[in-house]
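Next up, model.cif (mmCIF, N, CA and C atoms and all ligand atoms):
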```cif
data_model
#
loop_
_atom_site.label_atom_id
_atom_site.label_comp_id
_atom_site.auth_asym_id
_atom_site.auth_seq_id
_atom_site.Cartn_x
_atom_site.Cartn_y
_atom_site.Cartn_z
N MET A 1 122.72 94.56 163.44
CA MET A 1 123.97 95.32 163.55
C MET A 1 123.66 96.73 164.01
N ALA A 2 124.49 97.22 164.94
CA ALA A 2 124.31 98.57 165.47
C ALA A 2 124.51 99.61 164.37
N ASP A 3 123.90 100.77 164.58
CA ASP A 3 124.12 101.88 163.69
C ASP A 3 125.61 102.25 163.74
N LYS A 4 126.17 102.67 162.62
CA LYS A 4 127.61 102.99 162.61
C LYS A 4 127.97 104.07 163.63
N LYS A 5 127.05 104.99 163.86
CA LYS A 5 127.37 106.09 164.80
C LYS A 5 127.49 105.59 166.23
N ASP A 6 127.01 104.38 166.50
CA ASP A 6 127.13 103.81 167.85
C ASP A 6 128.38 102.95 168.01
N LEU A 7 129.14 102.79 166.93
CA LEU A 7 130.32 101.91 166.97
C LEU A 7 131.59 102.68 167.32
N THR A 8 132.42 102.03 168.14
CA THR A 8 133.77 102.54 168.39
C THR A 8 134.74 101.62 167.66
N ILE A 9 135.54 102.23 166.79
CA ILE A 9 136.47 101.47 165.95
C ILE A 9 137.90 101.87 166.29
N ALA A 10 138.71 100.89 166.65
CA ALA A 10 140.15 101.14 166.80
C ALA A 10 140.83 100.84 165.47
N ILE A 11 141.64 101.76 165.00
CA ILE A 11 142.26 101.58 163.68
C ILE A 11 143.75 101.85 163.77
N GLY A 12 144.51 101.10 162.97
CA GLY A 12 145.95 101.32 162.92
C GLY A 12 146.50 100.86 161.58
N ALA A 13 147.63 101.41 161.22
CA ALA A 13 148.28 101.07 159.96
C ALA A 13 149.78 101.24 160.11
N ASP A 14 150.52 100.52 159.28
CA ASP A 14 151.94 100.83 159.17
C ASP A 14 152.11 101.86 158.04
N HIS A 15 153.36 102.11 157.66
CA HIS A 15 153.61 103.13 156.63
C HIS A 15 152.92 102.81 155.31
N ALA A 16 152.83 101.51 155.00
CA ALA A 16 152.21 101.10 153.73
C ALA A 16 150.70 101.33 153.74
N GLY A 17 150.12 101.35 154.92
CA GLY A 17 148.68 101.52 155.02
C GLY A 17 148.23 102.88 155.50
N PHE A 18 149.20 103.76 155.76
CA PHE A 18 148.89 105.06 156.36
C PHE A 18 147.89 105.88 155.53
N VAL A 19 148.12 105.98 154.24
CA VAL A 19 147.24 106.82 153.40
C VAL A 19 145.82 106.23 153.36
N LEU A 20 145.73 104.92 153.22
CA LEU A 20 144.40 104.29 153.19
C LEU A 20 143.69 104.48 154.54
N LYS A 21 144.44 104.40 155.63
CA LYS A 21 143.84 104.62 156.95
C LYS A 21 143.20 106.01 157.01
N GLN A 22 143.92 107.01 156.59
CA GLN A 22 143.38 108.37 156.63
C GLN A 22 142.13 108.49 155.75
N THR A 23 142.18 107.83 154.60
CA THR A 23 141.03 107.86 153.68
C THR A 23 139.81 107.21 154.31
N LEU A 24 139.99 106.08 154.95
CA LEU A 24 138.85 105.36 155.56
C LEU A 24 138.29 106.14 156.76
N ILE A 25 139.16 106.77 157.53
CA ILE A 25 138.68 107.57 158.67
C ILE A 25 137.80 108.72 158.16
N GLY A 26 138.18 109.28 157.02
CA GLY A 26 137.44 110.42 156.48
C GLY A 26 136.23 110.05 155.63
N SER A 27 136.00 108.76 155.44
CA SER A 27 134.88 108.35 154.58
C SER A 27 134.00 107.33 155.30
N VAL A 28 134.31 106.05 155.18
CA VAL A 28 133.47 104.99 155.75
C VAL A 28 133.30 105.14 157.26
N LEU A 29 134.34 105.62 157.93
CA LEU A 29 134.32 105.69 159.39
C LEU A 29 133.91 107.07 159.93
N SER A 30 133.48 107.96 159.04
CA SER A 30 133.24 109.34 159.48
C SER A 30 132.10 109.44 160.50
N ASP A 31 131.19 108.46 160.49
CA ASP A 31 130.08 108.49 161.47
C ASP A 31 130.40 107.74 162.76
N CYS A 32 131.52 107.03 162.79
CA CYS A 32 131.87 106.20 163.95
C CYS A 32 132.72 107.00 164.94
N HIS A 33 132.78 106.47 166.17
CA HIS A 33 133.80 106.98 167.09
C HIS A 33 135.08 106.22 166.76
N VAL A 34 136.13 106.93 166.39
CA VAL A 34 137.37 106.30 165.93
C VAL A 34 138.49 106.52 166.94
N ILE A 35 139.17 105.44 167.29
CA ILE A 35 140.39 105.52 168.09
C ILE A 35 141.55 105.23 167.13
N ASP A 36 142.28 106.28 166.77
CA ASP A 36 143.37 106.16 165.79
C ASP A 36 144.68 105.88 166.53
N LEU A 37 145.20 104.68 166.34
CA LEU A 37 146.39 104.26 167.08
C LEU A 37 147.65 104.30 166.21
N GLY A 38 147.61 105.16 165.19
CA GLY A 38 148.78 105.37 164.35
C GLY A 38 148.88 104.36 163.21
N THR A 39 149.90 104.47 162.47
CA THR A 39 150.95 105.45 162.47
C THR A 39 150.46 106.77 161.89
N ASP A 40 151.21 107.81 162.11
CA ASP A 40 150.75 109.15 161.74
C ASP A 40 151.50 109.76 160.56
N SER A 41 152.33 108.97 159.90
CA SER A 41 153.09 109.49 158.77
C SER A 41 153.58 108.31 157.92
N PRO A 42 154.14 108.59 156.74
CA PRO A 42 154.66 107.50 155.89
C PRO A 42 156.03 106.98 156.35
N THR A 43 156.55 107.47 157.46
CA THR A 43 157.83 106.97 157.97
C THR A 43 157.68 105.50 158.38
N PRO A 44 158.62 104.64 157.95
CA PRO A 44 158.46 103.21 158.23
C PRO A 44 158.35 102.87 159.72
N VAL A 45 157.40 102.01 160.02
CA VAL A 45 157.21 101.46 161.37
C VAL A 45 157.00 99.95 161.22
N ASP A 46 157.08 99.23 162.32
CA ASP A 46 156.91 97.78 162.30
C ASP A 46 155.45 97.42 162.57
N TYR A 47 154.83 96.71 161.60
CA TYR A 47 153.40 96.42 161.72
C TYR A 47 153.01 95.64 162.99
N PRO A 48 153.85 94.75 163.54
CA PRO A 48 153.40 94.06 164.76
C PRO A 48 153.13 95.00 165.93
N ASP A 49 153.88 96.10 165.99
CA ASP A 49 153.67 97.06 167.08
C ASP A 49 152.29 97.70 166.98
N VAL A 50 151.89 98.03 165.76
CA VAL A 50 150.57 98.65 165.55
C VAL A 50 149.47 97.62 165.79
N ALA A 51 149.67 96.42 165.27
CA ALA A 51 148.66 95.36 165.46
C ALA A 51 148.42 95.10 166.94
N LYS A 52 149.49 95.09 167.72
CA LYS A 52 149.37 94.84 169.16
C LYS A 52 148.55 95.93 169.84
N ARG A 53 148.77 97.19 169.46
CA ARG A 53 148.02 98.30 170.07
C ARG A 53 146.53 98.18 169.78
N VAL A 54 146.19 97.94 168.52
CA VAL A 54 144.77 97.86 168.14
C VAL A 54 144.13 96.61 168.75
N ALA A 55 144.81 95.48 168.68
CA ALA A 55 144.25 94.24 169.21
C ALA A 55 144.01 94.35 170.71
N ALA A 56 144.90 95.00 171.42
CA ALA A 56 144.75 95.13 172.87
C ALA A 56 143.51 95.95 173.22
N VAL A 57 143.24 96.98 172.46
CA VAL A 57 142.06 97.83 172.71
C VAL A 57 140.77 97.03 172.44
N VAL A 58 140.76 96.27 171.37
CA VAL A 58 139.58 95.45 171.05
C VAL A 58 139.41 94.34 172.09
N ALA A 59 140.48 93.67 172.42
CA ALA A 59 140.41 92.56 173.38
C ALA A 59 139.95 93.04 174.76
N ALA A 60 140.28 94.28 175.09
CA ALA A 60 139.89 94.85 176.39
C ALA A 60 138.45 95.38 176.37
N GLY A 61 137.79 95.32 175.23
CA GLY A 61 136.41 95.79 175.13
C GLY A 61 136.28 97.30 175.04
N LYS A 62 137.40 97.99 174.74
CA LYS A 62 137.35 99.44 174.63
C LYS A 62 136.95 99.90 173.23
N ALA A 63 136.88 98.97 172.29
CA ALA A 63 136.37 99.25 170.95
C ALA A 63 135.53 98.05 170.51
N ASP A 64 134.53 98.32 169.67
CA ASP A 64 133.69 97.23 169.17
C ASP A 64 134.46 96.38 168.16
N PHE A 65 135.21 97.06 167.32
CA PHE A 65 135.96 96.38 166.27
C PHE A 65 137.31 97.07 166.07
N GLY A 66 138.21 96.33 165.38
CA GLY A 66 139.49 96.89 164.98
C GLY A 66 139.68 96.80 163.48
N VAL A 67 140.41 97.75 162.95
CA VAL A 67 140.79 97.74 161.53
C VAL A 67 142.29 97.95 161.45
N LEU A 68 142.97 97.07 160.74
CA LEU A 68 144.43 97.15 160.60
C LEU A 68 144.79 97.13 159.12
N ILE A 69 145.72 97.98 158.74
CA ILE A 69 146.10 98.09 157.34
C ILE A 69 147.62 98.07 157.23
N CYS A 70 148.12 97.16 156.41
CA CYS A 70 149.54 97.18 156.05
C CYS A 70 149.60 97.01 154.54
N GLY A 71 150.75 96.60 154.01
CA GLY A 71 150.86 96.48 152.56
C GLY A 71 149.94 95.41 152.00
N THR A 72 149.96 94.25 152.66
CA THR A 72 149.15 93.12 152.18
C THR A 72 147.98 92.77 153.09
N GLY A 73 148.03 93.20 154.32
CA GLY A 73 147.07 92.75 155.33
C GLY A 73 147.51 91.46 156.00
N ILE A 74 148.53 90.82 155.46
CA ILE A 74 148.93 89.50 155.97
C ILE A 74 149.66 89.62 157.31
N GLY A 75 150.66 90.48 157.35
CA GLY A 75 151.42 90.62 158.60
C GLY A 75 150.54 91.09 159.75
N MET A 76 149.66 92.03 159.47
CA MET A 76 148.76 92.52 160.52
C MET A 76 147.87 91.39 161.03
N SER A 77 147.36 90.55 160.12
CA SER A 77 146.46 89.48 160.56
C SER A 77 147.22 88.43 161.37
N MET A 78 148.45 88.16 160.99
CA MET A 78 149.25 87.20 161.77
C MET A 78 149.51 87.73 163.18
N ALA A 79 149.87 88.99 163.26
CA ALA A 79 150.22 89.57 164.56
C ALA A 79 148.99 89.72 165.44
N ALA A 80 147.91 90.26 164.91
CA ALA A 80 146.70 90.50 165.72
C ALA A 80 146.10 89.19 166.21
N GLY A 81 146.19 88.16 165.37
CA GLY A 81 145.61 86.87 165.74
C GLY A 81 146.30 86.17 166.90
N LYS A 82 147.46 86.67 167.28
CA LYS A 82 148.17 86.11 168.44
C LYS A 82 147.57 86.55 169.77
N ILE A 83 146.75 87.61 169.72
CA ILE A 83 146.20 88.17 170.95
C ILE A 83 144.92 87.41 171.32
N ARG A 84 144.84 86.92 172.55
CA ARG A 84 143.66 86.17 172.99
C ARG A 84 142.38 86.99 172.80
N GLY A 85 141.39 86.35 172.20
CA GLY A 85 140.10 87.02 171.99
C GLY A 85 139.98 87.72 170.65
N ILE A 86 141.10 87.79 169.92
CA ILE A 86 141.05 88.47 168.62
C ILE A 86 140.84 87.45 167.50
N ARG A 87 139.87 87.75 166.67
CA ARG A 87 139.63 86.96 165.46
C ARG A 87 139.86 87.92 164.29
N ALA A 88 141.08 87.91 163.79
CA ALA A 88 141.49 88.83 162.74
C ALA A 88 141.28 88.17 161.38
N ALA A 89 140.61 88.89 160.48
CA ALA A 89 140.36 88.37 159.14
C ALA A 89 141.00 89.29 158.12
N ARG A 90 141.87 88.72 157.31
CA ARG A 90 142.46 89.48 156.21
C ARG A 90 141.53 89.32 155.00
N CYS A 91 140.92 90.41 154.59
CA CYS A 91 139.95 90.36 153.49
C CYS A 91 140.39 91.32 152.38
N THR A 92 140.28 90.84 151.14
CA THR A 92 140.66 91.65 150.00
C THR A 92 139.46 92.15 149.22
N GLU A 93 138.27 91.70 149.60
CA GLU A 93 137.04 92.09 148.88
C GLU A 93 135.81 91.87 149.78
N PRO A 94 134.66 92.38 149.36
CA PRO A 94 133.48 92.37 150.24
C PRO A 94 132.90 91.00 150.57
N VAL A 95 133.01 90.02 149.68
CA VAL A 95 132.42 88.71 150.00
C VAL A 95 133.12 88.08 151.19
N SER A 96 134.44 88.11 151.18
CA SER A 96 135.19 87.58 152.33
C SER A 96 134.88 88.38 153.59
N ALA A 97 134.74 89.68 153.43
CA ALA A 97 134.42 90.52 154.59
C ALA A 97 133.08 90.13 155.18
N GLU A 98 132.08 89.96 154.32
CA GLU A 98 130.75 89.58 154.81
C GLU A 98 130.81 88.23 155.54
N LEU A 99 131.47 87.26 154.93
CA LEU A 99 131.49 85.92 155.54
C LEU A 99 132.35 85.87 156.79
N SER A 100 133.35 86.73 156.87
CA SER A 100 134.18 86.76 158.09
C SER A 100 133.38 87.26 159.28
N ARG A 101 132.36 88.07 159.02
CA ARG A 101 131.46 88.51 160.10
C ARG A 101 130.39 87.45 160.34
N ARG A 102 129.74 86.99 159.27
CA ARG A 102 128.59 86.07 159.44
C ARG A 102 129.01 84.73 160.04
N HIS A 103 130.14 84.19 159.59
CA HIS A 103 130.54 82.84 160.00
C HIS A 103 131.60 82.82 161.09
N ASN A 104 132.50 83.79 161.09
CA ASN A 104 133.67 83.74 161.98
C ASN A 104 133.62 84.78 163.09
N ASP A 105 132.63 85.63 163.06
CA ASP A 105 132.52 86.70 164.07
C ASP A 105 133.84 87.47 164.19
N ALA A 106 134.45 87.75 163.04
CA ALA A 106 135.73 88.48 163.05
C ALA A 106 135.56 89.80 163.77
N ASN A 107 136.51 90.11 164.63
CA ASN A 107 136.45 91.40 165.34
C ASN A 107 137.57 92.36 164.94
N VAL A 108 138.45 91.90 164.07
CA VAL A 108 139.46 92.79 163.47
C VAL A 108 139.51 92.51 161.97
N LEU A 109 139.40 93.56 161.17
CA LEU A 109 139.52 93.46 159.72
C LEU A 109 140.91 93.92 159.31
N CYS A 110 141.60 93.10 158.53
CA CYS A 110 142.92 93.47 158.03
C CYS A 110 142.86 93.69 156.53
N LEU A 111 143.31 94.85 156.11
CA LEU A 111 143.28 95.23 154.70
C LEU A 111 144.72 95.41 154.18
N GLY A 112 144.90 95.13 152.91
CA GLY A 112 146.19 95.33 152.26
C GLY A 112 146.13 96.49 151.29
N ALA A 113 146.79 97.57 151.63
CA ALA A 113 146.72 98.78 150.80
C ALA A 113 147.40 98.60 149.45
N ARG A 114 148.32 97.62 149.38
CA ARG A 114 148.99 97.36 148.10
C ARG A 114 148.27 96.29 147.29
N ILE A 115 147.20 95.77 147.83
CA ILE A 115 146.47 94.67 147.20
C ILE A 115 145.08 95.11 146.75
N THR A 116 144.39 95.82 147.63
CA THR A 116 143.00 96.21 147.39
C THR A 116 142.94 97.71 147.13
N GLY A 117 142.35 98.09 146.00
CA GLY A 117 142.25 99.51 145.65
C GLY A 117 141.35 100.27 146.62
N VAL A 118 141.44 101.58 146.57
CA VAL A 118 140.75 102.41 147.56
C VAL A 118 139.25 102.19 147.56
N GLU A 119 138.62 102.21 146.41
CA GLU A 119 137.16 102.08 146.37
C GLU A 119 136.72 100.70 146.84
N LEU A 120 137.47 99.67 146.46
CA LEU A 120 137.13 98.32 146.91
C LEU A 120 137.37 98.17 148.41
N ALA A 121 138.40 98.81 148.91
CA ALA A 121 138.67 98.78 150.35
C ALA A 121 137.54 99.46 151.12
N LYS A 122 137.05 100.58 150.61
CA LYS A 122 135.92 101.27 151.26
C LYS A 122 134.70 100.35 151.31
N LYS A 123 134.40 99.70 150.19
CA LYS A 123 133.24 98.80 150.12
C LYS A 123 133.44 97.61 151.07
N THR A 124 134.64 97.08 151.09
CA THR A 124 134.96 95.93 151.96
C THR A 124 134.73 96.29 153.41
N LEU A 125 135.20 97.46 153.83
CA LEU A 125 135.02 97.90 155.21
C LEU A 125 133.54 98.17 155.51
N GLU A 126 132.85 98.81 154.58
CA GLU A 126 131.43 99.12 154.79
C GLU A 126 130.63 97.84 155.01
N VAL A 127 130.85 96.85 154.16
CA VAL A 127 130.13 95.57 154.28
C VAL A 127 130.48 94.90 155.60
N TRP A 128 131.76 94.92 155.95
CA TRP A 128 132.22 94.27 157.18
C TRP A 128 131.56 94.89 158.41
N LEU A 129 131.49 96.23 158.43
CA LEU A 129 130.93 96.93 159.59
C LEU A 129 129.44 96.74 159.74
N THR A 130 128.76 96.45 158.65
CA THR A 130 127.30 96.43 158.67
C THR A 130 126.74 95.01 158.57
N THR A 131 127.59 94.01 158.75
CA THR A 131 127.16 92.62 158.71
C THR A 131 127.26 92.02 160.11
N SER A 132 126.22 91.30 160.52
CA SER A 132 126.18 90.69 161.85
C SER A 132 126.62 89.23 161.81
N PHE A 133 127.02 88.73 162.95
CA PHE A 133 127.35 87.31 163.13
C PHE A 133 126.07 86.49 163.06
N ASP A 134 126.12 85.37 162.33
CA ASP A 134 124.93 84.51 162.19
C ASP A 134 124.64 83.71 163.46
N GLY A 135 125.66 83.45 164.28
CA GLY A 135 125.45 82.63 165.48
C GLY A 135 125.16 81.18 165.11
N GLY A 136 124.35 80.50 165.95
CA GLY A 136 123.97 79.11 165.67
C GLY A 136 125.18 78.20 165.60
N ARG A 137 125.24 77.36 164.57
CA ARG A 137 126.35 76.41 164.44
C ARG A 137 127.69 77.13 164.37
N HIS A 138 127.67 78.36 163.87
CA HIS A 138 128.93 79.10 163.77
C HIS A 138 129.45 79.51 165.15
N ALA A 139 128.54 79.72 166.08
CA ALA A 139 128.97 80.07 167.45
C ALA A 139 129.72 78.90 168.08
N ARG A 140 129.25 77.69 167.82
CA ARG A 140 129.95 76.52 168.37
C ARG A 140 131.38 76.45 167.81
N ARG A 141 131.50 76.70 166.52
CA ARG A 141 132.82 76.61 165.87
C ARG A 141 133.75 77.73 166.35
N VAL A 142 133.20 78.92 166.45
CA VAL A 142 134.03 80.03 166.95
C VAL A 142 134.45 79.74 168.39
N GLY A 143 133.55 79.13 169.15
CA GLY A 143 133.89 78.75 170.54
C GLY A 143 135.08 77.82 170.58
N LYS A 144 135.19 76.94 169.61
CA LYS A 144 136.33 76.02 169.57
C LYS A 144 137.65 76.75 169.27
N ILE A 145 137.56 77.85 168.52
CA ILE A 145 138.77 78.66 168.31
C ILE A 145 139.23 79.24 169.64
N GLU A 146 138.27 79.74 170.40
CA GLU A 146 138.62 80.39 171.66
C GLU A 146 139.19 79.39 172.64
C1 LIG A 201 156.02 96.72 154.69
O1 LIG A 201 156.90 96.89 153.64
C2 LIG A 201 155.21 95.43 154.49
O2 LIG A 201 156.01 94.33 154.71
C3 LIG A 201 154.02 95.43 155.42
O3 LIG A 201 153.23 96.55 155.18
C4 LIG A 201 153.06 94.25 155.29
O4 LIG A 201 152.67 94.06 153.96
C5 LIG A 201 153.45 93.01 155.96
O5 LIG A 201 152.70 92.02 155.96
#
```
Take the structure in the file and give it back as structure tokens.
Amino acid sequence: MADKKDLTIAIGADHAGFVLKQTLIGSVLSDCHVIDLGTDSPTPVDYPDVAKRVAAVVAAGKADFGVLICGTGIGMSMAAGKIRGIRAARCTEPVSAELSRRHNDANVLCLGARITGVELAKKTLEVWLTTSFDGGRHARRVGKIE
């Protein structure tokens, strides 16, 4: 896995995830190049609009990974997963985050700010960013998704 300082991360959140997004940018992502695609305040926005912006940047190869945050992480994962080339994983804890990288080569992490507490969310993102895809038999399976 590349050093975090070599990673470009596209990140987005709706109003429910806005505060956690700011926290993650200032902590786990402080060494990364971050493309912040909003939202920029607690004013309500529609999560599919944000998911589409982040997914498009990742799918175009302009970011190594994407991070999306809404209340549960569910809506963001549904929306991002519609974009060709995006493998969005909604993870609530570090074990799922690790396996979503090792087995599924997830390229977008979806977090739920109303589900996962701040410290656990930080750990979940840290593990996700620093875990590599195992390849091998998993590459064949991921190929079938594509
Ligand atoms: C917004 O209230 C909420 O529905 C959204 O953040 C998300 O949880 C949807 O999946």
Selection near Ala16 (chain A), 6.5 Å with only N, CA and C atoms, sequence-local residues under 6 positions removed, as a PDB file with N, CA and C atoms, in the coordinates of the input:
```pdb
ATOM      1  N   PRO A  42     154.140 108.590 156.740  1.00  0.00           N
ATOM      2  CA  PRO A  42     154.660 107.500 155.890  1.00  0.00           C
ATOM      3  C   PRO A  42     156.030 106.980 156.350  1.00  0.00           C
ATOM      4  N   ILE A  69     145.720  97.980 158.740  1.00  0.00           N
ATOM      5  CA  ILE A  69     146.100  98.090 157.340  1.00  0.00           C
ATOM      6  C   ILE A  69     147.620  98.070 157.230  1.00  0.00           C
ATOM      7  N   CYS A  70     148.120  97.160 156.410  1.00  0.00           N
ATOM      8  CA  CYS A  70     149.540  97.180 156.050  1.00  0.00           C
ATOM      9  C   CYS A  70     149.600  97.010 154.540  1.00  0.00           C
ATOM     10  N   GLY A  71     150.750  96.600 154.010  1.00  0.00           N
ATOM     11  CA  GLY A  71     150.860  96.480 152.560  1.00  0.00           C
ATOM     12  C   GLY A  71     149.940  95.410 152.000  1.00  0.00           C
ATOM     13  N   ALA A 113     146.790  97.570 151.630  1.00  0.00           N
ATOM     14  CA  ALA A 113     146.720  98.780 150.800  1.00  0.00           C
ATOM     15  C   ALA A 113     147.400  98.600 149.450  1.00  0.00           C
ATOM     16  N   ARG A 114     148.320  97.620 149.380  1.00  0.00           N
ATOM     17  CA  ARG A 114     148.990  97.360 148.100  1.00  0.00           C
ATOM     18  C   ARG A 114     148.270  96.290 147.290  1.00  0.00           C
TER      19      ARG A 114
END
```
Just want the residues within 7 Å of ligand LIG 201 (chain A), written as number ranges by chain, counting only N, CA and C atoms and all ligand atoms. A: 14-17, 47, 69-77, 112
Near region 135-137 of chain A, counting only C-alpha atoms, which residues have an atom at most 12 Å away, once you skip same-chain residues fewer than 3 positions from it, shown as a compact mmCIF listing (two decimals) with N, CA and C atoms, keeping the file's coordinate frame?
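The resulting file, result30.txt, is shown below:
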```txt
# COMPACT_ATOMS: atom_id res chain seq x y z
N ARG A 101 132.36 88.07 159.02
CA ARG A 101 131.46 88.51 160.10
C ARG A 101 130.39 87.45 160.34
N ARG A 102 129.74 86.99 159.27
CA ARG A 102 128.59 86.07 159.44
C ARG A 102 129.01 84.73 160.04
N HIS A 103 130.14 84.19 159.59
CA HIS A 103 130.54 82.84 160.00
C HIS A 103 131.60 82.82 161.09
N ASN A 104 132.50 83.79 161.09
CA ASN A 104 133.67 83.74 161.98
C ASN A 104 133.62 84.78 163.09
N ASP A 105 132.63 85.63 163.06
CA ASP A 105 132.52 86.70 164.07
C ASP A 105 133.84 87.47 164.19
N SER A 132 126.22 91.30 160.52
CA SER A 132 126.18 90.69 161.85
C SER A 132 126.62 89.23 161.81
N ARG A 140 129.25 77.69 167.82
CA ARG A 140 129.95 76.52 168.37
C ARG A 140 131.38 76.45 167.81
N ARG A 141 131.50 76.70 166.52
CA ARG A 141 132.82 76.61 165.87
C ARG A 141 133.75 77.73 166.35
N VAL A 142 133.20 78.92 166.45
CA VAL A 142 134.03 80.03 166.95
C VAL A 142 134.45 79.74 168.39
N GLY A 143 133.55 79.13 169.15
CA GLY A 143 133.89 78.75 170.54
C GLY A 143 135.08 77.82 170.58
N LYS A 144 135.19 76.94 169.61
CA LYS A 144 136.33 76.02 169.57
C LYS A 144 137.65 76.75 169.27
```
Could you tell me how far CA of Gln22 (chain A) sits from CA of Ala51 (chain A), in Å to one decimal place? 16.6 Å
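Minimum distance to Ala10 (chain A) across A:Ile86, A:Cys110, A:Leu120, A:Val54 (counting all atoms listed in the file) occurs at A:Val54.
Distance check against Glu98 (chain A) using all atoms listed in the file: of A:Lys4, A:Ile25, A:Glu146, A:Thr131, the minimum falls on A:Thr131.
Of the listed residues A:Phe65, A:Thr92, A:Phe133, A:His138, the one whose atoms come nearest to Ala121 (chain A) is A:Thr92, with distances taken using all atoms listed in the file.
Atom N of Ala106 (chain A) is found 20.9 Å from atom C of Glu119 (chain A).
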As a PyMOL selection string, list the residues of region 73-114 of chain A assigned to helix (DSSP H, G or I) by DSSP on the backbone atoms of this structure. chain A and resi 74-80+94-102
Let me see the file: selected residues, N, CA and C atoms, as a short mmCIF file (atom, residue, chain, number, x, y, z; two decimals), in the frame of the given file.
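Below you can see out.cif, which holds the result:
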```
data_model
loop_
_atom_site.label_atom_id
_atom_site.label_comp_id
_atom_site.auth_asym_id
_atom_site.auth_seq_id
_atom_site.Cartn_x
_atom_site.Cartn_y
_atom_site.Cartn_z
N ILE A 74 148.53 90.82 155.46
CA ILE A 74 148.93 89.50 155.97
C ILE A 74 149.66 89.62 157.31
N GLY A 75 150.66 90.48 157.35
CA GLY A 75 151.42 90.62 158.60
C GLY A 75 150.54 91.09 159.75
N MET A 76 149.66 92.03 159.47
CA MET A 76 148.76 92.52 160.52
C MET A 76 147.87 91.39 161.03
N SER A 77 147.36 90.55 160.12
CA SER A 77 146.46 89.48 160.56
C SER A 77 147.22 88.43 161.37
N MET A 78 148.45 88.16 160.99
CA MET A 78 149.25 87.20 161.77
C MET A 78 149.51 87.73 163.18
N ALA A 79 149.87 88.99 163.26
CA ALA A 79 150.22 89.57 164.56
C ALA A 79 148.99 89.72 165.44
N ALA A 80 147.91 90.26 164.91
CA ALA A 80 146.70 90.50 165.72
C ALA A 80 146.10 89.19 166.21
N PRO A 94 134.66 92.38 149.36
CA PRO A 94 133.48 92.37 150.24
C PRO A 94 132.90 91.00 150.57
N VAL A 95 133.01 90.02 149.68
CA VAL A 95 132.42 88.71 150.00
C VAL A 95 133.12 88.08 151.19
N SER A 96 134.44 88.11 151.18
CA SER A 96 135.19 87.58 152.33
C SER A 96 134.88 88.38 153.59
N ALA A 97 134.74 89.68 153.43
CA ALA A 97 134.42 90.52 154.59
C ALA A 97 133.08 90.13 155.18
N GLU A 98 132.08 89.96 154.32
CA GLU A 98 130.75 89.58 154.81
C GLU A 98 130.81 88.23 155.54
N LEU A 99 131.47 87.26 154.93
CA LEU A 99 131.49 85.92 155.54
C LEU A 99 132.35 85.87 156.79
N SER A 100 133.35 86.73 156.87
CA SER A 100 134.18 86.76 158.09
C SER A 100 133.38 87.26 159.28
N ARG A 101 132.36 88.07 159.02
CA ARG A 101 131.46 88.51 160.10
C ARG A 101 130.39 87.45 160.34
N ARG A 102 129.74 86.99 159.27
CA ARG A 102 128.59 86.07 159.44
C ARG A 102 129.01 84.73 160.04
#
```
